[in-house]
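> Before anything else, here's the structure in question.
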Amino acid sequence: MFKDCTTSEKSKGFVAALGLAALGIISSSGAFAEAVTVVSWGGSYGKAQDAALFTDASKNSGIAINRESGASMSKVMLQVESGAVTWDLVVSGSGGCASAAANGALEKIDFSVVDVSNFLPNTYTDHCIGSDVFATVFAWNTEKYGEPGSPGAPNSWADFWDVEKFPGTRSYRLNNVDGVLEPAVMAMGVPAELVYTFLSSEEGIRKAIDKIRELKPHIEVFWKSGAMQAQLMKDAEVDMITGWNGRFDNAKKDGAKVGYTFNGALRDYDGFGIPKGAPNKDLAMQFLAEVSKPQYQANLPFHITYGPTNSKAYDITTAPQELLEALPSHPNNVGKMLAVDLDWYAKNRGRALELYMELLSE
């Protein structure tokens with residue numbers, strides 16, 4: 001490489017190479033490697049993905065990654081609209097992926113590269129590959145309301161809305177409509193199988209928002225992220241809250257007095273999408289293929305209680321039965337939950353978000 005260089009030039013080149021290696025732009029072998037920008041969230045979820053998925057997938061594939069937090073499909077759509085796309089692979093809830101795809105903001109997945117032959121049903125689309133199965137649940141302070149399943153403990157979305165039977169402060173989602181309207185509809189007594197039929201008209205969407213409006217005087221704080229969900233419960237700042245099961249499990253490990261139920265929860269998945277016009281589209285597709293392999297997903301439950309989307313991960317995981325039974329994708333839990341309807345999100349998410357933002361601004 002430095003055959004025709006002077007000693008000084010060799011030194012400069014070696015120092016430069018060390019600098020690039022430190023930045024993850026060249027591999028430890030010294031060969032130049034391209035890098036993809038992978039954007040996810042922070043807190044325990046981001047740490048879990050790094051530990052279970054990203055670090056080893058990068059090492060084994062030889063594809064360097066630049067990790068960023070603050071994932072948002074709204075930001076992806078803005079990047080695509082402005083023609084200034086800087087992200088290559090972005091994590092989002094399935095509803096956000098569906099909406100971004102419907103707006104033409106995501107690349108189509110190349111299934112000759114990304115193998116989904118062993119994925120669970122409804123955990124991938126033409127534009128999004130599921131990374132984990134999670135549940136949007138309501139959680140509560142167990143010192144105030146009791147442990148899950150105990151006499152008198154809350155057990156339904158109707159209980160979450162019942163501030164007479166369960167007096168106390170609430171917390172709800174801010175600036176995002178994913179998983180926001182369905183609980184309100186179930187709290188009205190609509191059966192789970194009819195929730196999306198109810199929400200198929202603007203009248204139904206407005207009624208759901210009116211139900212949230214009823215609860216708004218009791219909402220102490222609107223949460224912005226999974227990390228905030230966990231912190232609110234660790235600090236006992238609110239009595240009941242909506243959020244993601246894995247965040248509450250990790251908060252409990254950290255000492256939070258928190259419990260939740262899968263009854264009426266929304267069964268959903270996080271997925272990877274590649275923004276339309278991503279600067280490293282082909283490399284991002286290769287990294288997506290690598291990170292979707294079962295050996296990485298099998299490690300995820302050790303770091304956060306979200307289930308794999310690749311069914312082969314269940315065959316090779318060494319996770320104990322108790323841990324597996326706590327996952328949203330475990331057969332014991334699936335039947336208790338409402339599966340998120342991605343077609344509804346693709347058609348209605350934009351308008352529903354507008355109406356929800358109007359409520360938040362009141």
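Every chain in the structure tokens has a letter given in the order shown (A, B, ...), and although residue numbers restart at 1 in each chain, ligands are simply numbered from 1 in the order shown.
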For Ser69 in chain A, please output as a PDB file with C-alpha atoms, in the first residue's frame all residues within 9 Å (counting only C-alpha atoms; exclusion window: fewer than 3 positions along the same chain).


```pdb
ATOM      1  CA  VAL A  38     -28.516   3.075  11.313  1.00  0.00           C
ATOM      2  CA  VAL A  39     -31.056   5.106  13.265  1.00  0.00           C
ATOM      3  CA  SER A  40     -32.999   3.722  16.215  1.00  0.00           C
ATOM      4  CA  TRP A  41     -34.139   4.951  19.634  1.00  0.00           C
ATOM      5  CA  GLY A  42     -32.254   5.444  22.864  1.00  0.00           C
ATOM      6  CA  GLY A  46     -31.340   1.133  21.881  1.00  0.00           C
TER       7      GLY A  46
END
```

> Any idea what's packed within 8 Å of range 289-304 of chain A, counting only C-alpha atoms, ignoring anything in its chain fewer than 3 positions away? Could you give it as an NGL selection string?

:A and (44-45 or 48-49 or 51-54 or 56-57 or 61 or 113-115 or 131-132 or 246-247 or 249-250 or 285-286 or 307-314 or 316-319 or 323-324 or 327)

> Those residues you just picked out, can you put them in a file as an mmCIF file, in the first residue's frame with C-alpha atoms?


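Now in part.cif:
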```cif
data_model
loop_
_atom_site.group_PDB
_atom_site.id
_atom_site.type_symbol
_atom_site.label_atom_id
_atom_site.label_comp_id
_atom_site.auth_asym_id
_atom_site.auth_seq_id
_atom_site.Cartn_x
_atom_site.Cartn_y
_atom_site.Cartn_z
ATOM 1 C CA SER A 44 -32.895 0.423 27.188
ATOM 2 C CA TYR A 45 -34.282 -0.395 23.732
ATOM 3 C CA ALA A 48 -30.661 -3.895 23.716
ATOM 4 C CA GLN A 49 -30.438 -3.572 19.933
ATOM 5 C CA ALA A 51 -25.981 -5.598 22.378
ATOM 6 C CA ALA A 52 -28.102 -8.223 20.611
ATOM 7 C CA LEU A 53 -28.170 -7.092 16.995
ATOM 8 C CA PHE A 54 -26.061 -4.253 15.701
ATOM 9 C CA ASP A 56 -22.274 -8.484 16.222
ATOM 10 C CA ALA A 57 -24.029 -8.075 12.870
ATOM 11 C CA SER A 61 -20.717 -8.846 8.059
ATOM 12 C CA VAL A 113 -31.121 -10.390 -0.412
ATOM 13 C CA VAL A 114 -33.217 -10.352 2.786
ATOM 14 C CA ASP A 115 -34.459 -13.829 3.729
ATOM 15 C CA SER A 131 -37.006 -6.638 14.125
ATOM 16 C CA ASP A 132 -39.006 -7.615 17.212
ATOM 17 C CA GLY A 246 -40.126 -4.224 27.510
ATOM 18 C CA ARG A 247 -39.518 -0.729 28.855
ATOM 19 C CA ASP A 249 -39.861 -4.852 32.480
ATOM 20 C CA ASN A 250 -36.493 -3.128 32.420
ATOM 21 C CA MET A 285 -30.030 -3.978 2.321
ATOM 22 C CA GLN A 286 -27.067 -6.261 2.996
ATOM 23 C CA GLY A 307 -40.025 -11.428 20.922
ATOM 24 C CA PRO A 308 -38.136 -12.400 17.763
ATOM 25 C CA THR A 309 -39.784 -12.067 14.358
ATOM 26 C CA ASN A 310 -37.599 -14.804 12.863
ATOM 27 C CA SER A 311 -39.171 -18.053 14.109
ATOM 28 C CA LYS A 312 -35.848 -19.915 13.927
ATOM 29 C CA ALA A 313 -34.645 -17.766 16.818
ATOM 30 C CA TYR A 314 -36.970 -19.743 19.075
ATOM 31 C CA ILE A 316 -31.759 -21.758 18.962
ATOM 32 C CA THR A 317 -32.332 -19.381 21.875
ATOM 33 C CA THR A 318 -31.016 -20.409 25.275
ATOM 34 C CA ALA A 319 -33.494 -18.179 27.079
ATOM 35 C CA LEU A 323 -38.452 -15.486 30.042
ATOM 36 C CA LEU A 324 -39.965 -16.865 26.833
ATOM 37 C CA LEU A 327 -42.650 -12.311 25.527
#
```

> Apply DSSP to the structure's backbone, then extract all residues of range 35-171 of chain A labelled strand (DSSP E or B) and return them as a PyMOL selection string.

chain A and resi 35-39+64-68+89-93+106+119+124+129-141+170-171

> What's around Gly96 in chain A at 9 Å? Count only C-alpha atoms, leave out sequence neighbours fewer than 2 positions away in its own chain, and write the answer as a PyMOL selection string.

chain A and resi 72-74+92-94+98-101+178+345-346+349

> Measuring between only C-alpha atoms, which one of A:Pro148, A:Glu182, A:Ala265, A:Arg173 shows the shortest distance to Leu194 in chain A?

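Selected residue with least distance to Leu194 in chain A: A:Glu182.
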
> Please determine, counting only C-alpha atoms, which residue among A:Ile109, A:Leu78, A:Cys128, A:Leu360 has the shortest atom-to-atom distance to Lys281 in chain A.

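Selected residue with least distance to Lys281 in chain A: A:Ile109.
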
> Any chance you could tabulate, as a tab-separated table, the residues of range 94-172 of chain A at most 9 Å from range 219-234 of chain A with each one's nearest atom pair and distance in Å to one decimal, using only C-alpha atoms, in chain and rising number order?


```
residue	atom	partner	partner_atom	distance
A:Ala139	CA	A:Met233	CA	8.8
A:Trp140	CA	A:Met233	CA	7.9
A:Asn141	CA	A:Met233	CA	7.2
A:Thr169	CA	A:Glu220	CA	5.7
A:Arg170	CA	A:Ile219	CA	4.5
A:Ser171	CA	A:Ile219	CA	5.1
A:Tyr172	CA	A:Phe222	CA	4.9
```

> Those same residues - N, CA and C atoms - I'd like them written as a compact mmCIF listing (two decimals), in the first residue's frame.


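After the write, part_20.txt holds the following:
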```
# COMPACT_ATOMS: atom_id res chain seq x y z
N ALA A 139 -49.62 0.24 32.12
CA ALA A 139 -48.90 -0.19 33.32
C ALA A 139 -49.30 0.70 34.49
N TRP A 140 -49.02 0.22 35.69
CA TRP A 140 -49.43 0.98 36.87
C TRP A 140 -48.46 0.77 38.03
N ASN A 141 -48.58 1.65 39.00
CA ASN A 141 -47.80 1.57 40.23
C ASN A 141 -48.39 0.46 41.09
N THR A 169 -53.03 9.79 38.85
CA THR A 169 -52.56 10.46 37.64
C THR A 169 -52.29 9.47 36.52
N ARG A 170 -52.41 9.96 35.30
CA ARG A 170 -52.19 9.15 34.11
C ARG A 170 -51.10 9.79 33.25
N SER A 171 -50.57 8.96 32.33
CA SER A 171 -49.63 9.46 31.32
C SER A 171 -50.00 8.81 29.99
N TYR A 172 -49.93 9.62 28.91
CA TYR A 172 -50.33 9.15 27.58
C TYR A 172 -49.31 9.63 26.56
```

> Which residue, A:Cys97, A:Leu120, A:Phe248, A:Lys75, has the smallest gap to His330 in chain A when you use only C-alpha atoms?

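Among the listed residues, the smallest separation from His330 in chain A belongs to A:Leu120.
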
> Counting only C-alpha atoms, which of A:Leu215, A:Ile209, A:Ala184, A:Val133 gets nearest to Tyr269 in chain A?

A:Val133

> From range 75-214 of chain A, collect each residue whose DSSP state is helix (DSSP H, G or I) and return the set as a VMD selection string.

chain A and resid 75 to 82 94 to 102 142 to 145 157 to 161 181 to 187 192 to 198 202 to 214

> At what distance in Å, to one decimal, does CA of Val177 in chain A lie from CA of Glu354 in chain A?

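Straight-line distance from CA of Glu354 in chain A to CA of Val177 in chain A works out to 9.0 Å.
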
> For each of A:Pro320, A:Gly70, A:Pro275, A:Gly95, take the minimum atom-to-atom distance to Gly130 in chain A, counting only C-alpha atoms, then give the residue where this is smallest.

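Counting only C-alpha atoms, the residue closest to Gly130 in chain A is A:Gly95.
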